[in-house]
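Working notes, structure below.
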Amino acid sequence: MADKKKKKRLSKVFDYLKYEDPFAKGVSFCAGCPLERLVRFVPQVMGNDIVITGTPSCSAPVLLGQNGKSWHKLSYYGTLMTGAASNATGLARYYKRAGIDGTVVCFNGDGTAADIGFGNLSGAAERNEPFVYICYDNEGYMNTGIQKSSTTPFGAKTTTTPVGSNERGKNLRRKNLGLLLAMHKIPYAATATLSNLEDFAKKLLKAKEISKKGFCFLHIFSPCPTGWGMPTDTGIEVCRKAVQTNYFPLWEAENGKFSFTKEVKKPKPIKEYVKLVKKFSHLTEEEIEVLQKDVDYEYAVLKQLSLLDQECPLPD
Amino acid sequence: MSEKIYFNFQGPWSDAATELLCSDTGSWRTERPVLDEEKCILCGFCAMYCPIQCIEMKGQFFHSDLNFCKGCGVCARECPKKAISMVPEGEFK
Ligand code: SF4
Ligand code: SF4
């Protein structure tokens, strides 16, 4: 083998991994959870000098060091779900007043961002506070036992929206959190996922830059193998399918100006995504059609927004 | 890892530990990734997507650190050349 010298053709993503992975090697995220890739990716790209603030969530056992010292070397401040963004506001203002060049990253799940801490998130966005808010969306309260949240999609089975003779999973639609935040006309809002790491890295760097002046929001699609009923090896595959079916389109909005960062030419039917995930396994054709309509609607709204070509920045 | 000390000072209310330990996540594994070096084209996708970032260049090839590999199989699934296969742990006992 040694004589047949193989040429390295490394993916471009490696160019973005400039910093050390500050996490301990063995940390207690579920096997195959894309969230683990995500928490390691953020400081690998943004640098180890970021300050993370977060709440009780799937990320907390590791980020707060609750699993016996096997955690990370980053600065971390744990807070409550009801005031996550307010807490980050305080940190960001402190750094600004003290003249310290620090990036504050408020790192939360969808439970905090879309439900419990939505009010103060919206407030921080409106006040244009200088920090980065990252919401990893696993579409439910996975850490407490897979309850539904407002980003849980139509038809999904959770422990509070079970499937039986009276109920067939969640009978409501999901909240489009990324779009809601972008409508605050913040300097930077974007969606990203773990299958498109180069796109994700670019958005992280952009957010780091823009967050010196104002509020940045990143909505990250992060499937949950344990809660959604997926084999542990399919995490990245499900992310990819979500992008290809437009279930989770990748876009960014600067000062309210929308653009797709990866426009899918021929989107696949949502069926191809649904069949990978067990929480949708009970869905009938008609129910899948409802989900398809939801996806089509959200995409159509985004498409129109991306055609607008208008922005409304604040004066410097 | 435990000999490294990252926090020299600890405030009265800080829960910052003075040491960084590693959990024995290698013991969770039911299947082990095995690389077929013939098929590998050194694209690095396995190392890029491995959630726990335990795949590193060892010699000429990417190999996973079995002390920490959880055996999730992401590397095997994402490898474009199907060069990694997941082999049950029992076969190595
Ligand atoms: S099986 Fe999972 S944890 Fe182990 S090396 Fe592959 S991707 Fe990493
Ligand atoms: S993904 Fe497969 S082909 Fe690429 S470096 Fe890893 S083992 Fe080799």
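Each chain in the structure tokens gets a letter, A, B and so on, in the order shown; residues start at 1 in every chain, and ligands are counted from 1 in the order they appear.
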
Within 12 Å of ligand 2 (counting only C-alpha atoms and all ligand atoms), which residues show up? I'd like them as a ChimeraX atom specification.
/A:6-11 /B:33-50,55-58,60-64,73-86

Return the neighbours of chain B among the residues of chain A, cut-off 6 Å, counting only C-alpha atoms, as a list in words.
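Residues satisfying the distance criterion: Lys8, Arg9, Leu10, Ala24, Lys25, Gly26, Val27, Ala31, Gly32, Glu36, Arg37, Lys69, Ser70, Thr232 and Asp233 of chain A.
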
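If only C-alpha atoms and all ligand atoms are the atoms counted, then among B:Leu66, B:Lys93, B:Pro88, B:Gly59 the closest residue to ligand 1 is B:Leu66.
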
Using Å and a single decimal, report how far CA of Ser86 (chain A) sits from CA of Asp316 (chain A).
23.4 Å

Compile the contact shell of Phe29 (chain A) as a list in words: residues with an atom at most 8 Å away, counting only C-alpha atoms, same-chain residues fewer than 3 positions apart removed.
Cys33, Leu35, Glu36, Cys58, Ser59 and Val62 of chain A

Using backbone DSSP assignments, extract all alpha helix (DSSP H) residues from region 111-313 of chain A; output them as a PyMOL selection string.
chain A and resi 118-126+177-182+197-210+225-228+235-244+271-274+285-308

Selected residues written out with C-alpha atoms, as a PDB file, in the first residue's frame:
ATOM      1  CA  PHE A 118     -39.140  33.509  23.116  1.00  0.00           C
ATOM      2  CA  GLY A 119     -40.198  36.768  24.696  1.00  0.00           C
ATOM      3  CA  ASN A 120     -36.759  37.841  25.787  1.00  0.00           C
ATOM      4  CA  LEU A 121     -35.220  36.533  22.560  1.00  0.00           C
ATOM      5  CA  SER A 122     -37.566  38.772  20.624  1.00  0.00           C
ATOM      6  CA  GLY A 123     -36.732  41.629  22.990  1.00  0.00           C
ATOM      7  CA  ALA A 124     -32.986  41.208  22.511  1.00  0.00           C
ATOM      8  CA  ALA A 125     -33.509  41.122  18.741  1.00  0.00           C
ATOM      9  CA  GLU A 126     -35.541  44.306  18.854  1.00  0.00           C
ATOM     10  CA  LEU A 177     -38.468  30.429  14.135  1.00  0.00           C
ATOM     11  CA  GLY A 178     -35.798  31.583  11.685  1.00  0.00           C
ATOM     12  CA  LEU A 179     -38.304  33.557   9.666  1.00  0.00           C
ATOM     13  CA  LEU A 180     -39.853  35.084  12.782  1.00  0.00           C
ATOM     14  CA  LEU A 181     -36.477  36.352  13.936  1.00  0.00           C
ATOM     15  CA  ALA A 182     -35.506  37.607  10.491  1.00  0.00           C
ATOM     16  CA  LEU A 197     -20.736  22.315   6.990  1.00  0.00           C
ATOM     17  CA  GLU A 198     -19.016  24.759   4.653  1.00  0.00           C
ATOM     18  CA  ASP A 199     -22.154  26.847   4.407  1.00  0.00           C
ATOM     19  CA  PHE A 200     -22.512  26.622   8.177  1.00  0.00           C
ATOM     20  CA  ALA A 201     -18.911  27.707   8.777  1.00  0.00           C
ATOM     21  CA  LYS A 202     -19.328  30.741   6.537  1.00  0.00           C
ATOM     22  CA  LYS A 203     -22.441  31.754   8.432  1.00  0.00           C
ATOM     23  CA  LEU A 204     -20.708  31.359  11.788  1.00  0.00           C
ATOM     24  CA  LEU A 205     -17.852  33.602  10.687  1.00  0.00           C
ATOM     25  CA  LYS A 206     -20.259  36.154   9.312  1.00  0.00           C
ATOM     26  CA  ALA A 207     -22.234  36.112  12.556  1.00  0.00           C
ATOM     27  CA  LYS A 208     -19.062  36.565  14.581  1.00  0.00           C
ATOM     28  CA  GLU A 209     -18.180  39.622  12.536  1.00  0.00           C
ATOM     29  CA  ILE A 210     -21.643  41.189  12.494  1.00  0.00           C
ATOM     30  CA  PRO A 225     -31.634  10.055  16.922  1.00  0.00           C
ATOM     31  CA  THR A 226     -33.017   9.094  20.332  1.00  0.00           C
ATOM     32  CA  GLY A 227     -36.225  11.124  20.262  1.00  0.00           C
ATOM     33  CA  TRP A 228     -37.094  10.845  16.592  1.00  0.00           C
ATOM     34  CA  GLY A 235     -28.002  11.973  11.676  1.00  0.00           C
ATOM     35  CA  ILE A 236     -26.168  13.653   8.822  1.00  0.00           C
ATOM     36  CA  GLU A 237     -28.264  11.873   6.191  1.00  0.00           C
ATOM     37  CA  VAL A 238     -31.482  13.244   7.730  1.00  0.00           C
ATOM     38  CA  CYS A 239     -30.011  16.776   7.728  1.00  0.00           C
ATOM     39  CA  ARG A 240     -29.160  16.382   4.064  1.00  0.00           C
ATOM     40  CA  LYS A 241     -32.626  15.103   3.174  1.00  0.00           C
ATOM     41  CA  ALA A 242     -34.228  17.971   5.086  1.00  0.00           C
ATOM     42  CA  VAL A 243     -32.344  20.396   2.857  1.00  0.00           C
ATOM     43  CA  GLN A 244     -33.035  18.483  -0.355  1.00  0.00           C
ATOM     44  CA  LYS A 271     -41.964  11.526   1.615  1.00  0.00           C
ATOM     45  CA  GLU A 272     -38.269  10.814   1.187  1.00  0.00           C
ATOM     46  CA  TYR A 273     -37.502  12.728   4.353  1.00  0.00           C
ATOM     47  CA  VAL A 274     -40.453  11.356   6.310  1.00  0.00           C
ATOM     48  CA  GLU A 285     -50.680   9.670   2.406  1.00  0.00           C
ATOM     49  CA  GLU A 286     -53.133  12.471   3.238  1.00  0.00           C
ATOM     50  CA  GLU A 287     -51.252  13.413   6.372  1.00  0.00           C
ATOM     51  CA  ILE A 288     -47.962  13.507   4.482  1.00  0.00           C
ATOM     52  CA  GLU A 289     -49.718  15.794   2.011  1.00  0.00           C
ATOM     53  CA  VAL A 290     -50.524  18.217   4.863  1.00  0.00           C
ATOM     54  CA  LEU A 291     -46.845  18.275   5.801  1.00  0.00           C
ATOM     55  CA  GLN A 292     -45.909  18.776   2.155  1.00  0.00           C
ATOM     56  CA  LYS A 293     -48.258  21.766   1.938  1.00  0.00           C
ATOM     57  CA  ASP A 294     -46.702  23.254   5.066  1.00  0.00           C
ATOM     58  CA  VAL A 295     -43.220  22.868   3.567  1.00  0.00           C
ATOM     59  CA  ASP A 296     -44.316  24.279   0.199  1.00  0.00           C
ATOM     60  CA  TYR A 297     -45.969  27.249   1.851  1.00  0.00           C
ATOM     61  CA  GLU A 298     -42.924  28.154   3.913  1.00  0.00           C
ATOM     62  CA  TYR A 299     -40.686  27.787   0.895  1.00  0.00           C
ATOM     63  CA  ALA A 300     -42.965  29.959  -1.240  1.00  0.00           C
ATOM     64  CA  VAL A 301     -42.860  32.698   1.399  1.00  0.00           C
ATOM     65  CA  LEU A 302     -39.063  32.541   1.497  1.00  0.00           C
ATOM     66  CA  LYS A 303     -38.859  32.565  -2.277  1.00  0.00           C
ATOM     67  CA  GLN A 304     -40.947  35.715  -2.491  1.00  0.00           C
ATOM     68  CA  LEU A 305     -38.872  37.352   0.217  1.00  0.00           C
ATOM     69  CA  SER A 306     -35.659  36.490  -1.607  1.00  0.00           C
ATOM     70  CA  LEU A 307     -37.015  38.171  -4.748  1.00  0.00           C
ATOM     71  CA  LEU A 308     -37.759  41.423  -2.937  1.00  0.00           C
TER      72      LEU A 308
END

Quick check for you: according to DSSP on this backbone, which residues of region 191-238 of chain A are classed as strand (DSSP E)? Reply as a short mmCIF file (atom, residue, chain, number, x, y, z; two decimals) with all heavy atoms, in the first residue's frame.
data_model
loop_
_atom_site.label_atom_id
_atom_site.label_comp_id
_atom_site.auth_asym_id
_atom_site.auth_seq_id
_atom_site.Cartn_x
_atom_site.Cartn_y
_atom_site.Cartn_z
N THR A 191 -30.21 30.20 8.54
CA THR A 191 -30.42 28.81 8.92
C THR A 191 -29.21 28.01 8.45
O THR A 191 -28.55 28.37 7.49
CB THR A 191 -31.67 28.23 8.24
OG1 THR A 191 -31.49 28.30 6.83
CG2 THR A 191 -32.93 28.98 8.62
N ALA A 192 -28.94 26.91 9.15
CA ALA A 192 -27.82 26.07 8.75
C ALA A 192 -28.07 24.66 9.27
O ALA A 192 -28.91 24.46 10.15
CB ALA A 192 -26.50 26.61 9.31
N THR A 193 -27.35 23.71 8.73
CA THR A 193 -27.45 22.36 9.27
C THR A 193 -26.14 21.62 9.11
O THR A 193 -25.21 22.11 8.46
CB THR A 193 -28.63 21.60 8.66
OG1 THR A 193 -28.82 20.41 9.39
CG2 THR A 193 -28.41 21.29 7.19
N CYS A 216 -27.34 38.71 16.05
CA CYS A 216 -27.29 37.68 15.01
C CYS A 216 -28.03 36.44 15.48
O CYS A 216 -27.86 36.03 16.63
CB CYS A 216 -25.86 37.28 14.69
SG CYS A 216 -24.89 38.61 14.05
N PHE A 217 -28.81 35.86 14.62
CA PHE A 217 -29.55 34.66 15.01
C PHE A 217 -29.27 33.54 14.01
O PHE A 217 -29.39 33.71 12.81
CB PHE A 217 -31.05 34.96 15.02
CG PHE A 217 -31.89 33.77 15.43
CD1 PHE A 217 -31.99 33.43 16.78
CD2 PHE A 217 -32.54 32.99 14.49
CE1 PHE A 217 -32.75 32.32 17.17
CE2 PHE A 217 -33.29 31.89 14.88
CZ PHE A 217 -33.39 31.57 16.22
N LEU A 218 -28.87 32.37 14.54
CA LEU A 218 -28.65 31.22 13.68
C LEU A 218 -29.60 30.10 14.11
O LEU A 218 -29.63 29.72 15.27
CB LEU A 218 -27.20 30.73 13.78
CG LEU A 218 -26.12 31.65 13.25
CD1 LEU A 218 -24.75 31.05 13.50
CD2 LEU A 218 -26.30 31.90 11.77
N HIS A 219 -30.35 29.60 13.16
CA HIS A 219 -31.31 28.52 13.43
C HIS A 219 -30.72 27.24 12.83
O HIS A 219 -30.58 27.13 11.62
CB HIS A 219 -32.64 28.89 12.76
CG HIS A 219 -33.75 27.94 13.07
ND1 HIS A 219 -34.90 27.88 12.33
CD2 HIS A 219 -33.90 27.03 14.04
CE1 HIS A 219 -35.71 26.97 12.83
NE2 HIS A 219 -35.13 26.42 13.86
N ILE A 220 -30.35 26.29 13.70
CA ILE A 220 -29.64 25.10 13.23
C ILE A 220 -30.54 23.87 13.34
O ILE A 220 -31.04 23.57 14.43
CB ILE A 220 -28.36 24.85 14.06
CG1 ILE A 220 -27.60 26.13 14.34
CG2 ILE A 220 -27.49 23.81 13.37
CD1 ILE A 220 -27.01 26.80 13.19
N PHE A 221 -30.70 23.19 12.25
CA PHE A 221 -31.49 21.96 12.25
C PHE A 221 -30.61 20.82 12.77
O PHE A 221 -29.58 20.51 12.20
CB PHE A 221 -31.95 21.67 10.81
CG PHE A 221 -32.77 20.44 10.66
CD1 PHE A 221 -34.07 20.40 11.13
CD2 PHE A 221 -32.25 19.31 10.03
CE1 PHE A 221 -34.85 19.25 10.98
CE2 PHE A 221 -33.02 18.17 9.89
CZ PHE A 221 -34.31 18.15 10.36
#

Among the residues A:Pro231, A:Pro187, A:Pro43, A:Pro223, the one that comes closest to ligand 1 [using only C-alpha atoms and all ligand atoms]
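Checking each of A:Pro231, A:Pro187, A:Pro43, A:Pro223 against ligand 1, counting only C-alpha atoms and all ligand atoms, the winner is A:Pro231.
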
Select, from A:Thr284, A:Thr234, A:Asn138, A:Asn176, the residue with the minimum atom-to-atom distance to ligand 1, counting only C-alpha atoms and all ligand atoms.
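For ligand 1, the nearest of the given residues is A:Thr234.
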